[in-house]
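Trainee: Contents are compact mmCIF, C-alpha atoms and all ligand atoms; file name data_16.txt:
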```
# COMPACT_ATOMS: atom_id res chain seq x y z
CA MET A 26 -40.99 -17.36 40.99
CA HIS A 27 -37.61 -17.67 39.31
CA VAL A 28 -36.48 -14.84 37.01
CA HIS A 29 -33.74 -15.31 34.48
CA ILE A 30 -31.99 -12.17 33.24
CA THR A 31 -30.06 -12.07 29.97
CA TYR A 32 -27.64 -9.16 30.10
CA THR A 33 -26.52 -8.08 26.63
CA GLY A 34 -24.79 -4.72 27.30
CA GLY A 35 -25.98 -1.14 26.82
CA THR A 36 -25.65 2.06 28.83
CA ILE A 37 -27.19 0.45 31.90
CA GLY A 38 -23.93 -1.38 32.70
CA MET A 39 -21.45 1.05 31.18
CA VAL A 40 -18.59 2.98 32.74
CA ASP A 41 -16.43 5.85 31.48
CA SER A 42 -13.37 5.10 29.36
CA PRO A 43 -10.93 7.43 27.55
CA HIS A 44 -13.02 6.85 24.41
CA GLY A 45 -16.50 7.18 25.90
CA LEU A 46 -18.89 4.80 27.66
CA VAL A 47 -18.12 1.06 27.47
CA PRO A 48 -19.55 -2.02 29.29
CA GLY A 49 -17.72 -2.64 32.60
CA ALA A 50 -19.98 -2.04 35.64
CA ASP A 51 -20.55 -4.76 38.25
CA LEU A 52 -24.11 -5.39 37.07
CA GLU A 53 -24.59 -8.63 38.99
CA GLY A 54 -23.42 -7.07 42.28
CA TRP A 55 -25.72 -4.09 41.71
CA LEU A 56 -28.67 -6.41 41.02
CA THR A 57 -28.03 -8.35 44.23
CA SER A 58 -28.18 -5.17 46.33
CA LEU A 59 -31.19 -3.86 44.37
CA LEU A 60 -33.19 -7.01 45.10
CA GLU A 61 -32.04 -7.52 48.72
CA GLY A 62 -35.10 -7.66 50.97
CA THR A 63 -37.55 -8.16 48.06
CA PRO A 64 -39.34 -11.45 47.25
CA LEU A 65 -36.94 -11.84 44.31
CA ALA A 66 -33.74 -11.86 46.41
CA ARG A 67 -31.88 -15.10 45.55
CA SER A 68 -34.50 -16.04 42.90
CA VAL A 69 -32.67 -14.48 39.99
CA SER A 70 -30.10 -15.98 37.63
CA VAL A 71 -28.06 -13.91 35.18
CA THR A 72 -26.32 -14.74 31.90
CA SER A 73 -23.95 -12.03 30.68
CA LEU A 74 -23.55 -12.47 26.94
CA ASP A 75 -19.98 -12.48 25.67
CA PRO A 76 -19.05 -9.92 24.48
CA LEU A 77 -21.29 -7.32 26.12
CA ILE A 78 -22.08 -4.78 23.42
CA ASP A 79 -23.28 -1.30 22.72
CA SER A 80 -26.56 -2.19 21.03
CA SER A 81 -25.58 -0.21 17.94
CA ASN A 82 -23.34 -3.22 17.23
CA ALA A 83 -26.24 -5.70 17.38
CA THR A 84 -27.01 -7.88 14.34
CA PRO A 85 -29.57 -10.64 13.76
CA LEU A 86 -26.94 -13.00 15.20
CA SER A 87 -27.10 -11.05 18.49
CA TRP A 88 -30.89 -11.53 18.46
CA GLN A 89 -30.34 -15.25 18.03
CA ALA A 90 -27.86 -15.37 20.94
CA ILE A 91 -30.63 -13.96 23.18
CA VAL A 92 -33.20 -16.43 21.78
CA ASP A 93 -30.79 -19.31 22.49
CA ASP A 94 -30.14 -18.17 26.07
CA LEU A 95 -33.86 -17.74 26.81
CA ARG A 96 -34.75 -21.11 25.28
CA SER A 97 -32.09 -22.95 27.27
CA HIS A 98 -33.43 -21.43 30.50
CA ALA A 99 -37.06 -22.09 29.55
CA ASP A 100 -36.14 -25.79 29.35
CA GLN A 101 -34.41 -25.72 32.76
CA THR A 102 -37.02 -23.68 34.69
CA PRO A 103 -40.42 -23.75 32.99
CA GLU A 104 -42.07 -21.65 35.73
CA ALA A 105 -39.80 -18.70 35.09
CA ALA A 106 -40.07 -15.13 33.86
CA PHE A 107 -37.45 -13.53 31.65
CA VAL A 108 -35.91 -10.06 31.58
CA VAL A 109 -33.44 -8.93 28.91
CA LEU A 110 -31.13 -6.01 29.69
CA HIS A 111 -30.23 -4.23 26.46
CA GLY A 112 -28.93 -0.94 25.09
CA THR A 113 -31.66 1.49 24.11
CA ASP A 114 -30.37 2.32 20.61
CA THR A 115 -31.61 -0.87 18.94
CA MET A 116 -33.75 -2.26 21.76
CA ALA A 117 -36.96 -1.98 19.73
CA TYR A 118 -35.42 -4.00 16.85
CA THR A 119 -34.40 -6.72 19.29
CA SER A 120 -37.72 -6.83 21.12
CA ALA A 121 -39.57 -7.14 17.79
CA ALA A 122 -37.14 -9.85 16.63
CA LEU A 123 -37.60 -11.83 19.85
CA SER A 124 -41.39 -11.59 19.53
CA TYR A 125 -41.39 -13.43 16.16
CA ALA A 126 -38.91 -16.11 17.21
CA LEU A 127 -40.54 -16.94 20.56
CA THR A 128 -44.28 -17.15 19.85
CA ASP A 129 -44.32 -20.72 21.19
CA LEU A 130 -42.75 -19.75 24.53
CA SER A 131 -45.20 -19.47 27.43
CA THR A 132 -42.72 -17.54 29.57
CA PRO A 133 -43.12 -13.74 29.41
CA VAL A 134 -40.07 -11.79 28.23
CA VAL A 135 -39.58 -8.13 29.21
CA VAL A 136 -36.78 -6.11 27.63
CA THR A 137 -35.39 -3.01 29.33
CA GLY A 138 -32.31 -0.81 29.73
CA SER A 139 -31.65 2.76 30.77
CA GLN A 140 -30.61 6.18 29.54
CA LEU A 141 -28.03 6.60 32.33
CA PRO A 142 -25.61 3.98 33.71
CA LEU A 143 -26.55 2.24 36.96
CA GLY A 144 -23.78 3.96 38.95
CA VAL A 145 -24.88 7.51 38.14
CA LEU A 146 -26.88 9.56 40.69
CA GLY A 147 -30.39 10.04 39.31
CA SER A 148 -30.12 7.07 36.91
CA ASP A 149 -33.28 5.47 35.56
CA ALA A 150 -31.65 2.00 35.75
CA ALA A 151 -33.23 0.87 39.07
CA ALA A 152 -36.75 2.04 38.14
CA ASN A 153 -36.59 0.32 34.76
CA VAL A 154 -35.16 -2.97 36.03
CA THR A 155 -37.60 -3.24 38.95
CA GLY A 156 -40.49 -2.26 36.65
CA ALA A 157 -39.46 -4.93 34.13
CA LEU A 158 -39.19 -7.53 36.92
CA LYS A 159 -42.61 -6.58 38.24
CA ALA A 160 -44.16 -6.83 34.77
CA ALA A 161 -42.44 -10.16 34.01
CA THR A 162 -43.62 -11.74 37.29
CA SER A 163 -47.13 -10.20 37.23
CA GLY A 164 -48.84 -13.19 35.61
CA ARG A 165 -50.72 -10.73 33.41
CA ILE A 166 -48.67 -10.80 30.21
CA GLY A 167 -47.28 -13.22 27.66
CA GLY A 168 -45.05 -12.66 24.66
CA VAL A 169 -42.33 -10.05 24.44
CA SER A 170 -42.77 -6.57 25.88
CA LEU A 171 -40.56 -3.57 26.53
CA PHE A 172 -40.60 -1.71 29.84
CA PHE A 173 -39.21 1.80 29.89
CA GLY A 174 -39.94 5.03 31.75
CA HIS A 175 -43.05 3.90 33.61
CA ARG A 176 -44.68 2.17 30.65
CA LEU A 177 -44.94 -1.39 29.43
CA LEU A 178 -45.21 -1.50 25.63
CA ALA A 179 -45.69 -4.40 23.22
CA GLY A 180 -42.15 -5.34 22.17
CA ASN A 181 -43.03 -5.28 18.48
CA ARG A 182 -44.92 -1.95 18.55
CA ALA A 183 -42.25 0.15 20.27
CA THR A 184 -39.81 2.69 18.87
CA LYS A 185 -37.06 4.75 20.50
CA SER A 186 -38.37 8.31 20.50
CA SER A 187 -35.81 10.17 22.61
CA SER A 188 -32.06 9.87 23.09
CA TRP A 189 -32.30 11.52 26.52
CA ALA A 190 -35.82 11.43 28.05
CA PHE A 191 -36.55 8.82 30.70
CA THR A 192 -39.73 8.07 28.72
CA GLY A 193 -37.47 7.13 25.80
CA PHE A 194 -39.90 4.82 23.95
CA GLU A 195 -43.34 5.19 22.41
CA SER A 196 -45.69 2.74 20.71
CA PRO A 197 -47.27 5.16 18.22
CA ASN A 198 -49.87 2.80 16.77
CA ALA A 199 -50.78 0.75 19.85
CA ALA A 200 -51.81 1.61 23.40
CA PRO A 201 -49.40 0.76 26.25
CA LEU A 202 -49.89 -2.65 27.87
CA ALA A 203 -49.53 -1.07 31.31
CA THR A 204 -48.65 2.19 33.02
CA THR A 205 -47.00 2.22 36.44
CA GLY A 206 -48.67 3.83 39.43
CA ALA A 207 -50.34 2.81 42.65
CA PRO A 208 -51.75 0.54 41.36
CA TRP A 209 -50.48 -0.13 37.84
CA GLN A 210 -53.08 0.40 35.09
CA TRP A 211 -53.28 -2.60 32.72
CA ALA A 212 -54.68 -2.83 29.20
CA ALA A 213 -57.58 -5.25 28.78
CA GLN A 214 -55.63 -7.73 26.65
CA THR A 215 -52.31 -8.24 24.89
CA PRO A 216 -52.69 -8.66 21.12
CA THR A 217 -51.30 -11.86 19.60
CA GLY A 218 -50.90 -13.24 16.07
CA THR A 219 -50.79 -16.51 14.17
CA GLY A 220 -47.56 -17.58 15.86
CA TRP A 221 -44.71 -19.46 14.16
CA LYS A 222 -43.86 -23.10 14.83
CA ASP A 223 -40.24 -24.29 14.95
CA ALA A 224 -38.68 -20.98 13.94
CA ALA A 225 -35.32 -21.42 12.19
CA PRO A 226 -32.52 -19.37 13.77
CA TYR A 227 -31.88 -15.80 12.67
CA ALA A 228 -29.20 -15.47 10.03
CA ARG A 229 -27.81 -12.17 8.78
CA HIS A 230 -29.62 -11.32 5.54
CA ASP A 231 -28.91 -8.48 3.14
CA VAL A 232 -31.81 -6.10 3.84
CA VAL A 233 -31.49 -2.39 3.17
CA VAL A 234 -33.58 0.47 4.56
CA VAL A 235 -33.83 3.38 2.09
CA ASP A 236 -35.27 6.76 3.07
CA LEU A 237 -36.77 8.77 0.20
CA ALA A 238 -36.43 12.57 0.16
CA PRO A 239 -37.72 15.18 -2.28
CA GLY A 240 -35.40 15.26 -5.30
CA ILE A 241 -34.24 11.62 -5.29
CA THR A 242 -33.57 10.39 -8.82
CA ALA A 243 -33.98 6.95 -10.40
CA THR A 244 -30.19 6.80 -10.89
CA ARG A 245 -29.53 7.36 -7.20
CA LEU A 246 -32.15 4.82 -6.12
CA GLU A 247 -30.75 2.27 -8.56
CA ALA A 248 -27.22 2.88 -7.22
CA LEU A 249 -28.46 2.38 -3.65
CA LEU A 250 -29.95 -0.97 -4.69
CA THR A 251 -26.89 -2.25 -6.56
CA PRO A 252 -26.10 -5.07 -6.12
CA LEU A 253 -29.70 -6.01 -5.40
CA PRO A 254 -30.31 -6.90 -1.76
CA GLU A 255 -32.60 -9.74 -0.66
CA ALA A 256 -35.17 -7.21 0.52
CA VAL A 257 -35.67 -3.44 0.71
CA VAL A 258 -37.63 -1.47 3.26
CA LEU A 259 -38.44 1.71 1.35
CA ARG A 260 -39.38 4.51 3.72
CA ALA A 261 -41.80 6.61 1.70
CA PHE A 262 -44.00 9.61 2.48
CA GLY A 263 -47.33 9.62 4.33
CA VAL A 264 -49.41 6.53 3.57
CA GLY A 265 -46.65 5.10 1.35
CA ASN A 266 -46.34 7.62 -1.47
CA VAL A 267 -43.26 7.89 -3.70
CA PRO A 268 -42.28 10.49 -6.37
CA SER A 269 -44.14 8.56 -9.09
CA GLN A 270 -43.57 11.33 -11.68
CA GLU A 271 -39.79 11.12 -11.31
CA PRO A 272 -38.67 9.50 -14.61
CA GLY A 273 -37.72 5.85 -14.17
CA LEU A 274 -38.09 5.77 -10.40
CA THR A 275 -40.93 3.27 -10.05
CA ALA A 276 -39.34 1.20 -12.83
CA VAL A 277 -36.28 0.72 -10.56
CA VAL A 278 -38.57 -0.79 -7.93
CA GLU A 279 -40.38 -2.93 -10.52
CA ARG A 280 -37.07 -4.32 -11.81
CA ALA A 281 -35.93 -5.14 -8.26
CA ILE A 282 -39.16 -7.04 -7.56
CA ALA A 283 -38.98 -8.88 -10.88
CA ALA A 284 -35.44 -9.96 -9.98
CA GLY A 285 -36.69 -11.49 -6.70
CA THR A 286 -36.02 -8.69 -4.20
CA ALA A 287 -38.91 -8.20 -1.76
CA VAL A 288 -39.90 -4.51 -1.51
CA VAL A 289 -41.68 -3.41 1.65
CA VAL A 290 -42.99 0.15 1.67
CA ALA A 291 -42.99 1.81 5.09
CA SER A 292 -43.84 5.36 6.10
CA GLN A 293 -41.59 8.09 7.45
CA CYS A 294 -44.47 9.21 9.69
CA HIS A 295 -44.21 8.40 13.36
CA GLU A 296 -47.90 7.49 13.40
CA SER A 297 -48.92 5.82 10.16
CA GLU A 298 -50.87 3.20 8.29
CA VAL A 299 -49.42 2.43 4.87
CA LEU A 300 -52.19 2.19 2.25
CA LEU A 301 -50.44 1.80 -1.09
CA GLY A 302 -53.47 2.23 -3.37
CA HIS A 303 -54.77 5.36 -1.63
CA TYR A 304 -52.97 7.79 -3.98
CA GLU A 305 -51.74 7.36 -7.53
CA ALA A 306 -48.27 8.15 -6.10
CA GLY A 307 -48.33 4.86 -4.17
CA ASP A 308 -50.46 2.73 -6.46
CA ALA A 309 -47.72 2.15 -9.04
CA LEU A 310 -45.67 0.42 -6.35
CA ALA A 311 -48.59 -1.76 -5.26
CA ARG A 312 -49.19 -2.83 -8.89
CA SER A 313 -45.55 -3.82 -9.26
CA GLY A 314 -45.77 -6.19 -6.27
CA ALA A 315 -44.46 -4.02 -3.43
CA VAL A 316 -46.18 -4.57 -0.12
CA GLY A 317 -47.04 -1.96 2.51
CA SER A 318 -45.92 -2.33 6.11
CA ARG A 319 -49.42 -1.36 7.37
CA ASP A 320 -49.04 0.14 10.86
CA MET A 321 -45.81 -1.64 11.80
CA THR A 322 -42.94 0.41 13.15
CA LEU A 323 -39.76 0.42 11.08
CA GLU A 324 -38.16 -1.77 13.74
CA ALA A 325 -40.98 -4.33 13.60
CA ALA A 326 -40.98 -4.36 9.78
CA TYR A 327 -37.19 -4.69 9.47
CA ALA A 328 -36.94 -7.47 12.08
CA LYS A 329 -39.88 -9.25 10.43
CA VAL A 330 -38.16 -9.21 7.03
CA GLN A 331 -35.00 -10.65 8.63
CA PHE A 332 -37.15 -13.27 10.38
CA LEU A 333 -39.02 -14.30 7.21
CA LEU A 334 -35.81 -14.48 5.16
CA SER A 335 -34.31 -16.64 7.91
CA GLN A 336 -37.33 -18.97 7.55
CA GLY A 337 -36.45 -19.39 3.86
CA LEU A 338 -39.27 -17.20 2.47
CA ARG A 339 -38.67 -15.05 -0.61
CA GLY A 340 -40.57 -12.80 -3.05
CA PRO A 341 -44.41 -12.99 -3.03
CA GLU A 342 -44.48 -15.55 -0.19
CA LEU A 343 -42.50 -13.19 2.03
CA ALA A 344 -44.63 -10.24 0.93
CA ALA A 345 -47.84 -12.07 1.90
CA TRP A 346 -46.55 -12.64 5.44
CA MET A 347 -45.77 -8.94 5.84
CA GLY A 348 -49.52 -8.30 5.99
CA ARG A 349 -50.25 -11.05 8.54
CA SER A 350 -49.71 -10.66 12.24
CA ILE A 351 -47.26 -13.23 13.57
CA ALA A 352 -46.98 -11.84 17.09
CA GLY A 353 -49.32 -8.83 17.30
CA GLU A 354 -46.95 -6.50 15.40
CA LEU A 355 -49.70 -4.97 13.24
CA THR A 356 -53.37 -4.15 13.61
CA GLN A 357 -55.37 -6.78 11.68
N1 LIG B 1 -25.48 3.26 22.84
C1 LIG B 1 -26.22 2.65 23.95
C2 LIG B 1 -26.71 1.28 23.50
O1 LIG B 1 -27.67 1.21 22.80
C3 LIG B 1 -27.36 3.52 24.33
C4 LIG B 1 -28.15 3.05 25.52
O2 LIG B 1 -28.08 1.94 25.99
O3 LIG B 1 -28.95 3.88 26.05
O4 LIG B 1 -26.13 0.28 23.83
```
If you convert what's in this file into structure tokens, what do you get?

Mentor:
Amino acid sequence: MHVHITYTGGTIGMVDSPHGLVPGADLEGWLTSLLEGTPLARSVSVTSLDPLIDSSNATPLSWQAIVDDLRSHADQTPEAAFVVLHGTDTMAYTSAALSYALTDLSTPVVVTGSQLPLGVLGSDAAANVTGALKAATSGRIGGVSLFFGHRLLAGNRATKSSSWAFTGFESPNAAPLATTGAPWQWAAQTPTGTGWKDAAPYARHDVVVVDLAPGITATRLEALLTPLPEAVVLRAFGVGNVPSQEPGLTAVVERAIAAGTAVVVASQCHESEVLLGHYEAGDALARSGAVGSRDMTLEAAYAKVQFLLSQGLRGPELAAWMGRSIAGELTQ
């Protein structure tokens, strides 16, 4: 089987510089020696995106560059598997974004990277890349997944949970798709969604993520939302509660929605299911037209808002799609 690798940057291929780690390792040479003697030797092609980036510099346009590369290779080699090498910092945003844009692709896509560069003794780079290759060529998965630290997770259910541990990602609201071992343990099935036909390319939309904290005032929230963005992901407490007794605070959200800004309420809890009507403190938002992010991760919710805006959806139409699974990103 042919595997195409899209290399986007990240620690995996970084080297020291006077100002810290930057892309610069011979990733293709390293891959050739890693795969020598395996069934994949000489069956791998690599695109290195230009420029290679630290994933903290990624934008929705970077997501689209990956989509474009994968689509062009899907046309050339339909029997392929895809691996994306990516920095860990925003890997979960990218894997969620790819999952929405590629629901029509039959080729599995596995995203991975590493906590330590490939040239460092004790690096997790080789284990993660070979694990991702094994998952991608297994014939057992479709869609977009993320392999890291011995686990294969759904790409749109994952979140970076550690800046140093080799098990750097979790999927708090969904079981892993597979766990490595001898043999690997696989989940019974990979969840899917409604899919999306002829997805328009990602554009860079004005979406803000706002974290609430005890003591926030209506004036501060209003200032954070001025000028009004196209959408807000409001990270609230617990099941989606906000300080509803703070004078004027829910009115700020109501005015934003009335002016056409989509408001998605997410939770600050690692494990969560947003239920806006559960407490009075969340109900006011639901009545004003805000929509809960259910059990989506922040990364999945943010990338989904960018995706829906890129498809031309706004206001209530966008809000309705937040509650529907496009690619298995929430529990129906
Ligand atoms: N800053 C790096 C990046 O996200 C971190 C990593 O790859 O682990 O590109």

Trainee: Go through A:Ala126, A:Pro252, A:Phe191, A:Leu246 one by one, measure the shortest atom-to-atom distance of each to Lys222 in chain A using only C-alpha atoms, and give the residue with the smallest value.

Mentor: A:Ala126

Trainee: Please provide as a ChimeraX atom specification all residues within 12 Å of Leu249 in chain A, with the sequence filter that same-chain residues fewer than 2 positions apart are discarded (counting all atoms listed in the file).

Mentor: /A:232-237,241-247,251-254,257,259,277-278,281

Trainee: Residues as selected, C-alpha atoms, written as a CSV table (one decimal), in the coordinates of the input, can you do that?

Mentor:
```
chain,number,residue,atom,x,y,z
A,232,VAL,CA,-31.8,-6.1,3.8
A,233,VAL,CA,-31.5,-2.4,3.2
A,234,VAL,CA,-33.6,0.5,4.6
A,235,VAL,CA,-33.8,3.4,2.1
A,236,ASP,CA,-35.3,6.8,3.1
A,237,LEU,CA,-36.8,8.8,0.2
A,241,ILE,CA,-34.2,11.6,-5.3
A,242,THR,CA,-33.6,10.4,-8.8
A,243,ALA,CA,-34.0,7.0,-10.4
A,244,THR,CA,-30.2,6.8,-10.9
A,245,ARG,CA,-29.5,7.4,-7.2
A,246,LEU,CA,-32.2,4.8,-6.1
A,247,GLU,CA,-30.8,2.3,-8.6
A,251,THR,CA,-26.9,-2.2,-6.6
A,252,PRO,CA,-26.1,-5.1,-6.1
A,253,LEU,CA,-29.7,-6.0,-5.4
A,254,PRO,CA,-30.3,-6.9,-1.8
A,257,VAL,CA,-35.7,-3.4,0.7
A,259,LEU,CA,-38.4,1.7,1.4
A,277,VAL,CA,-36.3,0.7,-10.6
A,278,VAL,CA,-38.6,-0.8,-7.9
A,281,ALA,CA,-35.9,-5.1,-8.3
```

Trainee: Go ahead and compute the interatomic distance for CA of Thr31 in chain A and CA of Arg349 in chain A, in Å to one decimal.

Mentor: 29.5 Å

Trainee: Go through chain A and flag each residue having an atom no more than 6 Å from ligand LIG 1 (chain B); for those, report the closest pair of atoms plus their distance in Å to one decimal, using all atoms listed in the file, ordered by chain and rising number, as a Markdown table.

Mentor:
```
| residue | atom | partner | partner_atom | distance |
| --- | --- | --- | --- | --- |
| A:Gly35 | CA | B:LIG1 | O4 | 3.3 |
| A:Thr36 | CA | B:LIG1 | O2 | 3.7 |
| A:Asp79 | CA | B:LIG1 | O4 | 3.4 |
| A:Ser80 | CA | B:LIG1 | O4 | 3.8 |
| A:Ser81 | CA | B:LIG1 | O1 | 5.5 |
| A:Gly112 | CA | B:LIG1 | O2 | 3.1 |
| A:Thr113 | CA | B:LIG1 | O2 | 4.1 |
| A:Asp114 | CA | B:LIG1 | O1 | 3.6 |
| A:Thr115 | CA | B:LIG1 | O1 | 5.9 |
| A:Ser139 | CA | B:LIG1 | O3 | 5.6 |
| A:Gln140 | CA | B:LIG1 | O3 | 4.5 |
```

Trainee: Next, write the just-selected residues to a file, as a PDB file, keeping the file's coordinate frame, keeping C-alpha atoms as the atom set.

Mentor:
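The new file again_35.pdb reads:
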```pdb
ATOM      1  CA  GLY A  35     -25.980  -1.140  26.820  1.00  0.00           C
ATOM      2  CA  THR A  36     -25.650   2.060  28.830  1.00  0.00           C
ATOM      3  CA  ASP A  79     -23.280  -1.300  22.720  1.00  0.00           C
ATOM      4  CA  SER A  80     -26.560  -2.190  21.030  1.00  0.00           C
ATOM      5  CA  SER A  81     -25.580  -0.210  17.940  1.00  0.00           C
ATOM      6  CA  GLY A 112     -28.930  -0.940  25.090  1.00  0.00           C
ATOM      7  CA  THR A 113     -31.660   1.490  24.110  1.00  0.00           C
ATOM      8  CA  ASP A 114     -30.370   2.320  20.610  1.00  0.00           C
ATOM      9  CA  THR A 115     -31.610  -0.870  18.940  1.00  0.00           C
ATOM     10  CA  SER A 139     -31.650   2.760  30.770  1.00  0.00           C
ATOM     11  CA  GLN A 140     -30.610   6.180  29.540  1.00  0.00           C
TER      12      GLN A 140
END
```

Trainee: Could you give me, as a PyMOL selection string, the residues within 12 Å of Trp209 in chain A, counting all atoms listed in the file and dropping anything in the same chain fewer than 3 positions from it?

Mentor: chain A and resi 156+159-160+163+165+175-177+201-206+212

Trainee: Find the distance between CA of Asn181 in chain A and CA of Ala207 in chain A and write it in Å to one decimal.

Mentor: 26.5 Å

Trainee: When you look at range 61-71 of chain A with a cut-off of 12 Å (counting all atoms listed in the file), what residues show up, excluding the ones that are within fewer than 4 positions of it in the same chain? I need them as a PyMOL selection string.

Mentor: chain A and resi 26-33+52-57+94-95+98+101-102+104-110+155+158-159+161-162

Trainee: Up to 12 Å from (-21.6, 8.8, 38.5) in the file's coordinates: name the residues, counting all atoms listed in the file, as a PyMOL selection string.

Mentor: chain A and resi 38-41+46+50+141-148

Trainee: Between A:Thr132, A:Asn266, A:Asn153, A:Thr286, which is the closest to Ala311 in chain A once you count only C-alpha atoms?

Mentor: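 Among the listed residues, the smallest separation from Ala311 in chain A belongs to A:Asn266.
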
Trainee: Extract, using only C-alpha atoms, all DNA, RNA and protein residues at most 9 Å from Ser131 in chain A, discarding same-chain residues fewer than 5 positions from it, and format them as number ranges by chain.

Mentor: A: 99, 103, 167-168

Trainee: Find, counting only C-alpha atoms, the residue in A:Leu86, A:Leu59, A:Ala225, A:Ala117 that gets nearest to Phe173 in chain A.

Mentor: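 Looking at the shortest contact to Phe173 in chain A, the residue is A:Ala117.
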
Trainee: Suppose you want the space between CA of Ala157 in chain A and CA of Ser170 in chain A; what is it in Å?

Mentor: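 Between these atoms lies a distance of 9.0 Å.
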
Trainee: Could you give me, as a PyMOL selection string, the residues within 9 Å of Ala179 in chain A, counting all atoms listed in the file and dropping anything in the same chain fewer than 5 positions from it?

Mentor: chain A and resi 120-121+168-172+196+199-202+215-216+353-354

Trainee: Out of A:Ser292, A:Ser187, A:Thr192, A:Ser73, which residue has the shortest atom-to-atom distance to Gly174 in chain A when counting all atoms listed in the file?

Mentor: A:Thr192

Trainee: Would you please work out which residue, of A:Gly265, A:Gly307, A:Gly340, A:Gly180, is nearest to Ser124 in chain A when using all atoms listed in the file?

Mentor: A:Gly180

Trainee: Rank nothing, just name the residue among A:Ala291, A:Ala213, A:Ala325, A:Ile282 nearest to Val267 in chain A, using all atoms listed in the file.

Mentor: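 Using all atoms listed in the file, Val267 in chain A sits closest to A:Ala291.
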
Trainee: Enumerate, as an MDAnalysis selection string, the protein, DNA and RNA residues whose atoms approach (-41.2, -0.6, 0.6) to within 7 Å, taking into account all atoms listed in the file and the coordinate frame of the file.

Mentor: chainID A and resid 257:260 288:291 315:317

Trainee: Produce a file of the selected residues containing C-alpha atoms, as an mmCIF file, in the coordinates of the input.

Mentor:
```
data_model
loop_
_atom_site.group_PDB
_atom_site.id
_atom_site.type_symbol
_atom_site.label_atom_id
_atom_site.label_comp_id
_atom_site.auth_asym_id
_atom_site.auth_seq_id
_atom_site.Cartn_x
_atom_site.Cartn_y
_atom_site.Cartn_z
ATOM 1 C CA VAL A 257 -35.670 -3.440 0.710
ATOM 2 C CA VAL A 258 -37.630 -1.470 3.260
ATOM 3 C CA LEU A 259 -38.440 1.710 1.350
ATOM 4 C CA ARG A 260 -39.380 4.510 3.720
ATOM 5 C CA VAL A 288 -39.900 -4.510 -1.510
ATOM 6 C CA VAL A 289 -41.680 -3.410 1.650
ATOM 7 C CA VAL A 290 -42.990 0.150 1.670
ATOM 8 C CA ALA A 291 -42.990 1.810 5.090
ATOM 9 C CA ALA A 315 -44.460 -4.020 -3.430
ATOM 10 C CA VAL A 316 -46.180 -4.570 -0.120
ATOM 11 C CA GLY A 317 -47.040 -1.960 2.510
#
```

Trainee: From the coordinates supplied, range 158-167 of chain A should be written with N, CA, C and O atoms, as a short mmCIF file (atom, residue, chain, number, x, y, z; two decimals), in the first residue's frame.

Mentor:
```
data_model
loop_
_atom_site.label_atom_id
_atom_site.label_comp_id
_atom_site.auth_asym_id
_atom_site.auth_seq_id
_atom_site.Cartn_x
_atom_site.Cartn_y
_atom_site.Cartn_z
N LEU A 158 1.63 5.12 10.99
CA LEU A 158 1.68 4.39 9.72
C LEU A 158 0.94 3.06 9.84
O LEU A 158 0.20 2.65 8.94
N LYS A 159 1.14 2.40 10.97
CA LYS A 159 0.45 1.12 11.17
C LYS A 159 -1.06 1.32 11.20
O LYS A 159 -1.82 0.58 10.57
N ALA A 160 -1.51 2.35 11.92
CA ALA A 160 -2.95 2.61 12.00
C ALA A 160 -3.50 2.95 10.62
O ALA A 160 -4.55 2.43 10.20
N ALA A 161 -2.78 3.82 9.88
CA ALA A 161 -3.28 4.28 8.58
C ALA A 161 -3.39 3.13 7.58
O ALA A 161 -4.27 3.13 6.71
N THR A 162 -2.49 2.14 7.68
CA THR A 162 -2.48 1.04 6.70
C THR A 162 -3.22 -0.20 7.23
O THR A 162 -3.17 -1.25 6.61
N SER A 163 -3.88 -0.08 8.39
CA SER A 163 -4.48 -1.26 9.03
C SER A 163 -5.73 -1.77 8.31
O SER A 163 -6.13 -2.92 8.49
N GLY A 164 -6.38 -0.89 7.54
CA GLY A 164 -7.64 -1.28 6.91
C GLY A 164 -8.81 -1.28 7.89
O GLY A 164 -9.91 -1.68 7.55
N ARG A 165 -8.56 -0.81 9.12
CA ARG A 165 -9.62 -0.89 10.15
C ARG A 165 -10.27 0.45 10.44
O ARG A 165 -11.22 0.51 11.21
N ILE A 166 -9.72 1.54 9.88
CA ILE A 166 -10.28 2.86 10.22
C ILE A 166 -10.57 3.68 8.97
O ILE A 166 -9.96 3.47 7.92
N GLY A 167 -11.49 4.63 9.12
CA GLY A 167 -11.72 5.63 8.09
C GLY A 167 -11.65 6.98 8.78
O GLY A 167 -11.36 7.05 9.98
#
```
